[in-house]
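Structure data follow from target-v2.txt (compact mmCIF, C-alpha atoms and all ligand atoms):
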```
# COMPACT_ATOMS: atom_id res chain seq x y z
CA MET A 1 146.45 86.33 230.89
CA PRO A 2 146.04 89.86 229.54
CA GLY A 3 143.06 91.28 231.36
CA ARG A 4 144.67 90.67 234.74
CA ALA A 5 147.18 93.07 236.26
CA GLU A 6 149.95 90.41 236.45
CA GLY A 7 149.39 89.61 232.78
CA TYR A 8 150.04 93.17 231.68
CA GLU A 9 153.12 93.45 233.85
CA GLU A 10 154.65 90.42 232.17
CA LEU A 11 153.82 91.77 228.69
CA ARG A 12 155.28 95.15 229.67
CA ARG A 13 158.49 93.54 230.89
CA ARG A 14 158.88 91.62 227.62
CA LEU A 15 158.31 94.71 225.48
CA VAL A 16 160.78 96.73 227.55
CA GLU A 17 163.40 93.97 227.19
CA LYS A 18 162.89 94.04 223.43
CA LEU A 19 163.31 97.86 223.34
CA LEU A 20 166.47 97.47 225.39
CA ARG A 21 167.89 94.81 223.03
CA GLU A 22 167.01 97.00 220.03
CA GLY A 23 168.83 99.95 221.57
CA TYR A 24 165.81 102.27 221.96
CA ILE A 25 166.17 102.20 225.73
CA GLN A 26 169.70 103.12 226.81
CA SER A 27 169.55 104.56 230.31
CA GLU A 28 168.54 103.24 233.68
CA ARG A 29 166.08 106.14 234.13
CA VAL A 30 164.16 105.49 230.92
CA LEU A 31 164.25 101.75 231.59
CA LYS A 32 162.64 102.20 235.01
CA ALA A 33 160.04 104.63 233.66
CA MET A 34 158.99 102.33 230.80
CA LEU A 35 158.75 99.42 233.27
CA ARG A 36 156.55 101.42 235.61
CA VAL A 37 154.00 103.22 233.43
CA PRO A 38 151.01 100.99 232.60
CA ARG A 39 150.41 101.65 228.87
CA GLU A 40 147.23 99.54 229.01
CA LEU A 41 145.54 102.37 230.95
CA PHE A 42 146.21 104.82 228.10
CA VAL A 43 144.79 102.90 225.13
CA PRO A 44 141.07 102.54 224.32
CA GLU A 45 139.53 99.61 226.19
CA GLU A 46 138.82 97.59 223.04
CA LEU A 47 142.53 97.79 222.06
CA ARG A 48 143.95 96.89 225.45
CA HIS A 49 145.13 93.49 224.25
CA MET A 50 147.42 95.42 221.85
CA ALA A 51 148.87 97.71 224.54
CA TYR A 52 152.26 95.98 224.53
CA GLU A 53 152.70 95.64 220.78
CA ASP A 54 155.36 98.07 219.58
CA THR A 55 152.97 100.03 217.39
CA PRO A 56 150.99 103.29 217.43
CA LEU A 57 147.27 102.79 218.16
CA PRO A 58 144.23 104.96 217.36
CA ILE A 59 142.87 106.98 220.32
CA GLY A 60 139.97 108.70 218.51
CA HIS A 61 139.64 112.07 216.74
CA GLY A 62 142.05 110.82 214.06
CA GLN A 63 144.96 110.81 216.55
CA THR A 64 147.29 108.08 217.81
CA ILE A 65 149.26 107.06 220.87
CA SER A 66 152.89 106.85 219.67
CA ALA A 67 154.65 103.49 219.40
CA PRO A 68 156.59 102.53 222.54
CA HIS A 69 159.95 102.58 220.70
CA MET A 70 159.29 106.19 219.65
CA VAL A 71 158.39 107.18 223.23
CA ALA A 72 161.58 105.51 224.48
CA MET A 73 163.76 107.10 221.79
CA MET A 74 162.39 110.64 222.29
CA THR A 75 162.68 110.32 226.06
CA GLU A 76 166.32 109.19 225.75
CA LEU A 77 167.13 112.03 223.32
CA ALA A 78 165.69 114.56 225.77
CA GLU A 79 168.27 113.57 228.42
CA LEU A 80 165.92 114.26 231.30
CA LYS A 81 166.92 114.39 234.93
CA PRO A 82 164.83 114.25 238.09
CA GLY A 83 163.66 117.73 239.11
CA MET A 84 163.37 119.11 235.57
CA LYS A 85 160.43 121.09 234.25
CA VAL A 86 159.17 119.72 230.94
CA LEU A 87 156.67 120.90 228.35
CA GLU A 88 155.06 118.30 226.09
CA VAL A 89 153.13 119.52 223.05
CA GLY A 90 150.53 116.93 221.96
CA THR A 91 149.12 115.14 225.04
CA GLY A 92 147.11 112.58 223.07
CA SER A 93 146.48 109.71 225.48
CA GLY A 94 148.76 111.11 228.20
CA TYR A 95 151.06 108.06 228.04
CA HIS A 96 154.22 109.87 226.98
CA ALA A 97 153.56 112.57 229.58
CA ALA A 98 153.41 109.84 232.25
CA VAL A 99 156.74 108.38 231.06
CA LEU A 100 158.32 111.86 231.14
CA ALA A 101 156.88 112.39 234.63
CA GLU A 102 158.26 109.08 235.85
CA VAL A 103 161.74 110.29 234.81
CA VAL A 104 161.63 113.86 236.18
CA ALA A 105 159.48 112.94 239.19
CA PRO A 106 160.13 109.26 239.95
CA SER A 107 157.57 107.47 242.12
CA ASP A 108 160.32 106.37 244.54
CA MET A 109 161.67 109.89 245.10
CA PRO A 110 160.34 112.30 247.74
CA PRO A 111 157.78 114.66 246.14
CA GLU A 112 159.71 117.77 247.23
CA LYS A 113 162.43 116.77 244.73
CA TRP A 114 159.97 116.18 241.89
CA GLY A 115 160.06 118.07 238.64
CA HIS A 116 156.86 118.62 236.68
CA VAL A 117 155.38 117.95 233.26
CA TYR A 118 153.09 120.45 231.54
CA THR A 119 151.37 118.96 228.52
CA ILE A 120 149.14 120.73 225.97
CA GLU A 121 146.43 119.20 223.80
CA ARG A 122 144.31 121.06 221.24
CA ILE A 123 141.36 118.61 221.27
CA PRO A 124 139.43 119.12 224.56
CA GLU A 125 137.92 115.60 224.60
CA LEU A 126 141.38 114.01 224.31
CA ALA A 127 142.74 116.28 227.05
CA GLU A 128 139.89 115.24 229.34
CA ARG A 129 140.47 111.55 228.67
CA ALA A 130 144.24 111.99 229.17
CA ARG A 131 143.54 113.61 232.57
CA ARG A 132 141.44 110.61 233.50
CA ASN A 133 144.12 108.16 232.31
CA LEU A 134 146.84 110.02 234.21
CA ARG A 135 144.71 110.03 237.36
CA LYS A 136 144.12 106.27 237.14
CA ALA A 137 147.81 105.61 236.56
CA GLY A 138 148.79 107.80 239.53
CA TYR A 139 150.40 110.76 237.72
CA ALA A 140 147.83 113.53 238.30
CA ASP A 141 150.12 115.24 240.83
CA ARG A 142 153.12 115.35 238.47
CA VAL A 143 151.43 116.22 235.17
CA THR A 144 149.31 119.28 234.33
CA VAL A 145 147.15 118.90 231.21
CA ILE A 146 146.31 122.13 229.41
CA VAL A 147 143.85 122.60 226.52
CA GLY A 148 145.14 124.93 223.86
CA ASP A 149 147.39 125.54 220.86
CA GLY A 150 150.74 124.11 221.91
CA THR A 151 152.59 125.86 219.07
CA LEU A 152 152.24 128.95 221.29
CA GLY A 153 153.82 127.00 224.15
CA TYR A 154 152.60 127.64 227.69
CA PRO A 155 154.27 130.89 228.80
CA GLU A 156 152.64 130.68 232.27
CA ALA A 157 155.15 128.03 233.39
CA ALA A 158 158.14 128.96 231.15
CA PRO A 159 161.09 128.61 230.88
CA TYR A 160 161.33 124.83 230.40
CA ASP A 161 164.41 122.63 230.78
CA ARG A 162 163.07 120.39 228.03
CA ILE A 163 160.34 120.57 225.39
CA ILE A 164 159.03 117.44 223.64
CA VAL A 165 156.78 117.86 220.62
CA THR A 166 154.84 114.73 219.67
CA ALA A 167 153.19 116.00 216.47
CA ALA A 168 154.91 116.90 213.18
CA ALA A 169 155.76 120.56 212.59
CA PRO A 170 156.65 122.27 209.30
CA ASP A 171 159.25 124.25 211.26
CA ILE A 172 160.35 124.90 214.85
CA PRO A 173 157.60 127.05 216.42
CA ARG A 174 159.25 130.29 217.55
CA PRO A 175 157.40 130.57 220.88
CA LEU A 176 158.81 127.17 221.88
CA VAL A 177 162.36 128.36 221.25
CA GLU A 178 161.63 131.44 223.36
CA GLN A 179 160.23 129.35 226.21
CA LEU A 180 163.23 127.00 226.30
CA ARG A 181 165.75 127.74 229.03
CA PRO A 182 169.27 128.58 227.80
CA GLY A 183 171.12 125.26 227.94
CA GLY A 184 167.79 123.51 227.34
CA LYS A 185 166.82 120.94 224.72
CA MET A 186 163.85 120.28 222.51
CA VAL A 187 162.95 117.05 220.67
CA ILE A 188 160.66 117.68 217.69
CA PRO A 189 159.67 116.01 214.41
CA ILE A 190 160.07 118.43 211.51
CA GLY A 191 159.22 117.92 207.85
CA ASP A 192 156.25 117.66 205.51
CA ARG A 193 152.95 115.87 206.08
CA TYR A 194 154.18 112.42 205.11
CA MET A 195 157.77 112.26 206.28
CA GLN A 196 159.70 114.04 208.94
CA TYR A 197 163.01 113.90 210.72
CA LEU A 198 163.21 113.81 214.46
CA TYR A 199 165.41 116.74 215.52
CA VAL A 200 167.23 117.51 218.72
CA VAL A 201 167.32 121.28 219.10
CA GLU A 202 169.67 122.81 221.63
CA LYS A 203 169.56 126.36 222.92
CA THR A 204 173.07 127.31 224.01
CA HIS A 205 173.77 129.39 227.09
CA GLU A 206 174.38 132.29 224.70
CA GLY A 207 170.92 131.70 223.23
CA ARG A 208 172.09 130.25 219.91
CA ILE A 209 170.10 127.40 218.33
CA LYS A 210 171.71 124.17 217.15
CA ALA A 211 169.51 121.61 215.42
CA ARG A 212 170.55 118.05 214.58
CA PRO A 213 168.41 115.54 212.64
CA VAL A 214 168.44 112.09 214.22
CA THR A 215 166.13 109.72 212.38
CA PRO A 216 163.26 109.68 209.89
CA CYS A 217 159.81 109.40 211.49
CA LEU A 218 156.10 109.84 210.91
CA PHE A 219 153.78 111.79 213.22
CA VAL A 220 150.28 113.25 212.99
CA PRO A 221 150.37 116.97 212.10
CA LEU A 222 150.91 119.76 214.62
CA ILE A 223 147.98 122.06 213.89
CA GLY A 224 148.11 125.64 215.09
CA ARG A 225 149.34 129.20 214.76
CA TYR A 226 153.01 128.14 214.30
CA GLY A 227 152.24 124.69 212.89
CA TRP A 228 150.09 123.52 209.99
CA ARG A 229 146.93 125.42 209.23
CA PRO A 230 143.87 123.14 208.92
CA GLU A 231 143.37 124.41 205.34
CA ASP A 232 146.89 123.22 204.38
CA LEU A 233 146.14 119.60 205.25
N1 LIG A 301 152.13 112.03 223.08
C1 LIG A 301 150.88 111.35 222.74
C2 LIG A 301 150.72 111.10 221.26
C3 LIG A 301 150.40 112.32 220.58
S1 LIG A 301 149.62 112.29 219.01
C4 LIG A 301 150.69 110.09 223.54
O1 LIG A 301 151.56 109.70 224.29
O2 LIG A 301 149.61 109.49 223.41
C5 LIG A 301 149.71 114.04 218.76
C6 LIG A 301 148.71 114.85 219.52
O3 LIG A 301 149.02 116.22 219.26
C7 LIG A 301 147.27 114.65 219.08
O4 LIG A 301 146.48 114.33 220.18
C8 LIG A 301 146.87 116.01 218.49
O5 LIG A 301 145.53 116.37 218.73
C9 LIG A 301 147.82 116.95 219.24
N2 LIG A 301 148.08 118.25 218.61
C10 LIG A 301 148.21 118.55 217.29
N3 LIG A 301 148.48 119.88 217.15
C11 LIG A 301 148.52 120.41 218.40
C12 LIG A 301 148.73 121.72 218.92
N4 LIG A 301 148.98 122.77 218.14
N5 LIG A 301 148.71 121.89 220.26
C13 LIG A 301 148.45 120.85 221.10
N6 LIG A 301 148.23 119.60 220.65
C14 LIG A 301 148.26 119.37 219.33
```
If you took the structure in this file and wrote it as structure tokens, what would it be?
Amino acid sequence: MPGRAEGYEELRRRLVEKLLREGYIQSERVLKAMLRVPRELFVPEELRHMAYEDTPLPIGHGQTISAPHMVAMMTELAELKPGMKVLEVGTGSGYHAAVLAEVVAPSDMPPEKWGHVYTIERIPELAERARRNLRKAGYADRVTVIVGDGTLGYPEAAPYDRIIVTAAAPDIPRPLVEQLRPGGKMVIPIGDRYMQYLYVVEKTHEGRIKARPVTPCLFVPLIGRYGWRPEDL
């Protein structure tokens, strides 16, 4: 029965098997992470029975927690490895940050080998709730939640091995390119307000940028200095 811990685990397992069959999950690492992170702790209480539907859900302030297939796909595209330092722009519920953390800092690996996830959210109330969710789910030590404009990145912890942007940008924010380590990768939805393409952006060791569109997608807007301006929306 959903509402009991065993119930959610069974629903999680079934969803993950579906994502595997559909090809969204491709690697052992992402598989393990999606099996471990309890999505029910990251959705509003009244929507908990929907936690293992493959759909985005409202989390307040006009924002959404991304659909599980999108979280799986972006995490696969990022090609994360344990020990990496990751920046996520758009914390929202904190769920995707927890999945990223479970890949770069797996629960069954000694903490001295852990990487770290920095995640930025512009809406303070969402950031606070995400911190609470991450604490409950056991990821507070592997994820740092920052309040601010993520289009400026977070230079304090740069450079990053990977950057994941979970809101739609009109263009690649320049500060994010600067804060990406040479040889690093960024996954980011780029386009207009109502349709975007998910891009994988690579920064070569020589510092050149290669961007490749992967699939159409739809995200809430990235609002900030190098994103959309509120008056454009
Ligand atoms: N990754 C989230 C889903 C994110 S929805 C999850 O797993 O739940 C996108 C989020 O990006 C929203 O919470 C929105 O407030 C935030 N956002 C939009 N523009 C931003 C900016 N410039 N900096 C930081 N966060 C931003």
What do you get as a CSV table (one decimal) with C-alpha atoms, in the coordinates of the input if you pick all residues at most 7 Å from ligand LIG 301 (chain A), counting only C-alpha atoms and all ligand atoms?
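Written out: pocket22.csv:
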```csv
chain,number,residue,atom,x,y,z
A,63,GLN,CA,145.0,110.8,216.6
A,64,THR,CA,147.3,108.1,217.8
A,65,ILE,CA,149.3,107.1,220.9
A,66,SER,CA,152.9,106.8,219.7
A,89,VAL,CA,153.1,119.5,223.0
A,90,GLY,CA,150.5,116.9,222.0
A,91,THR,CA,149.1,115.1,225.0
A,92,GLY,CA,147.1,112.6,223.1
A,93,SER,CA,146.5,109.7,225.5
A,94,GLY,CA,148.8,111.1,228.2
A,95,TYR,CA,151.1,108.1,228.0
A,96,HIS,CA,154.2,109.9,227.0
A,97,ALA,CA,153.6,112.6,229.6
A,120,ILE,CA,149.1,120.7,226.0
A,121,GLU,CA,146.4,119.2,223.8
A,122,ARG,CA,144.3,121.1,221.2
A,123,ILE,CA,141.4,118.6,221.3
A,126,LEU,CA,141.4,114.0,224.3
A,148,GLY,CA,145.1,124.9,223.9
A,149,ASP,CA,147.4,125.5,220.9
A,150,GLY,CA,150.7,124.1,221.9
A,151,THR,CA,152.6,125.9,219.1
A,166,THR,CA,154.8,114.7,219.7
A,167,ALA,CA,153.2,116.0,216.5
A,220,VAL,CA,150.3,113.2,213.0
A,221,PRO,CA,150.4,117.0,212.1
A,222,LEU,CA,150.9,119.8,214.6
A,223,ILE,CA,148.0,122.1,213.9
A,224,GLY,CA,148.1,125.6,215.1
A,227,GLY,CA,152.2,124.7,212.9
```
Nearest to Phe219 in chain A by atom-to-atom distance, counting all atoms listed in the file, from A:Gly138, A:Pro182, A:Pro170, A:Gly207: A:Pro170
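For the atom pair formed by CA of Leu152 in chain A and CA of Leu87 in chain A, the distance is 11.6 Å, given to one decimal.
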Can you pull out the residues contacting Ala67 in chain A? Cut-off 9 Å, using all atoms listed in the file, and skip same-chain residues under 6 positions away; I want them as a PyMOL selection string. chain A and resi 53-57
Given only C-alpha atoms as the basis, pick out the residue of A:Met34, A:Ile190, A:Leu47, A:Leu100 nearest to Leu20 in chain A.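 Using only C-alpha atoms, Leu20 in chain A sits closest to A:Met34.
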Shortest interatomic distance to His69 in chain A - which of A:Val200, A:Val86, A:Cys217, A:Val104, counting all atoms listed in the file: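 Nearest candidate to His69 in chain A out of A:Val200, A:Val86, A:Cys217, A:Val104: A:Cys217.
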List the spatial neighbours of range 157-160 of chain A as a list of chain:residue names - criterion: any atom at most 8 Å away, all atoms listed in the file, same-chain residues fewer than 5 positions off excluded. A:Met84, A:Lys85, A:Val86, A:Leu87, A:Gln179, A:Leu180, A:Arg181, A:Gly184
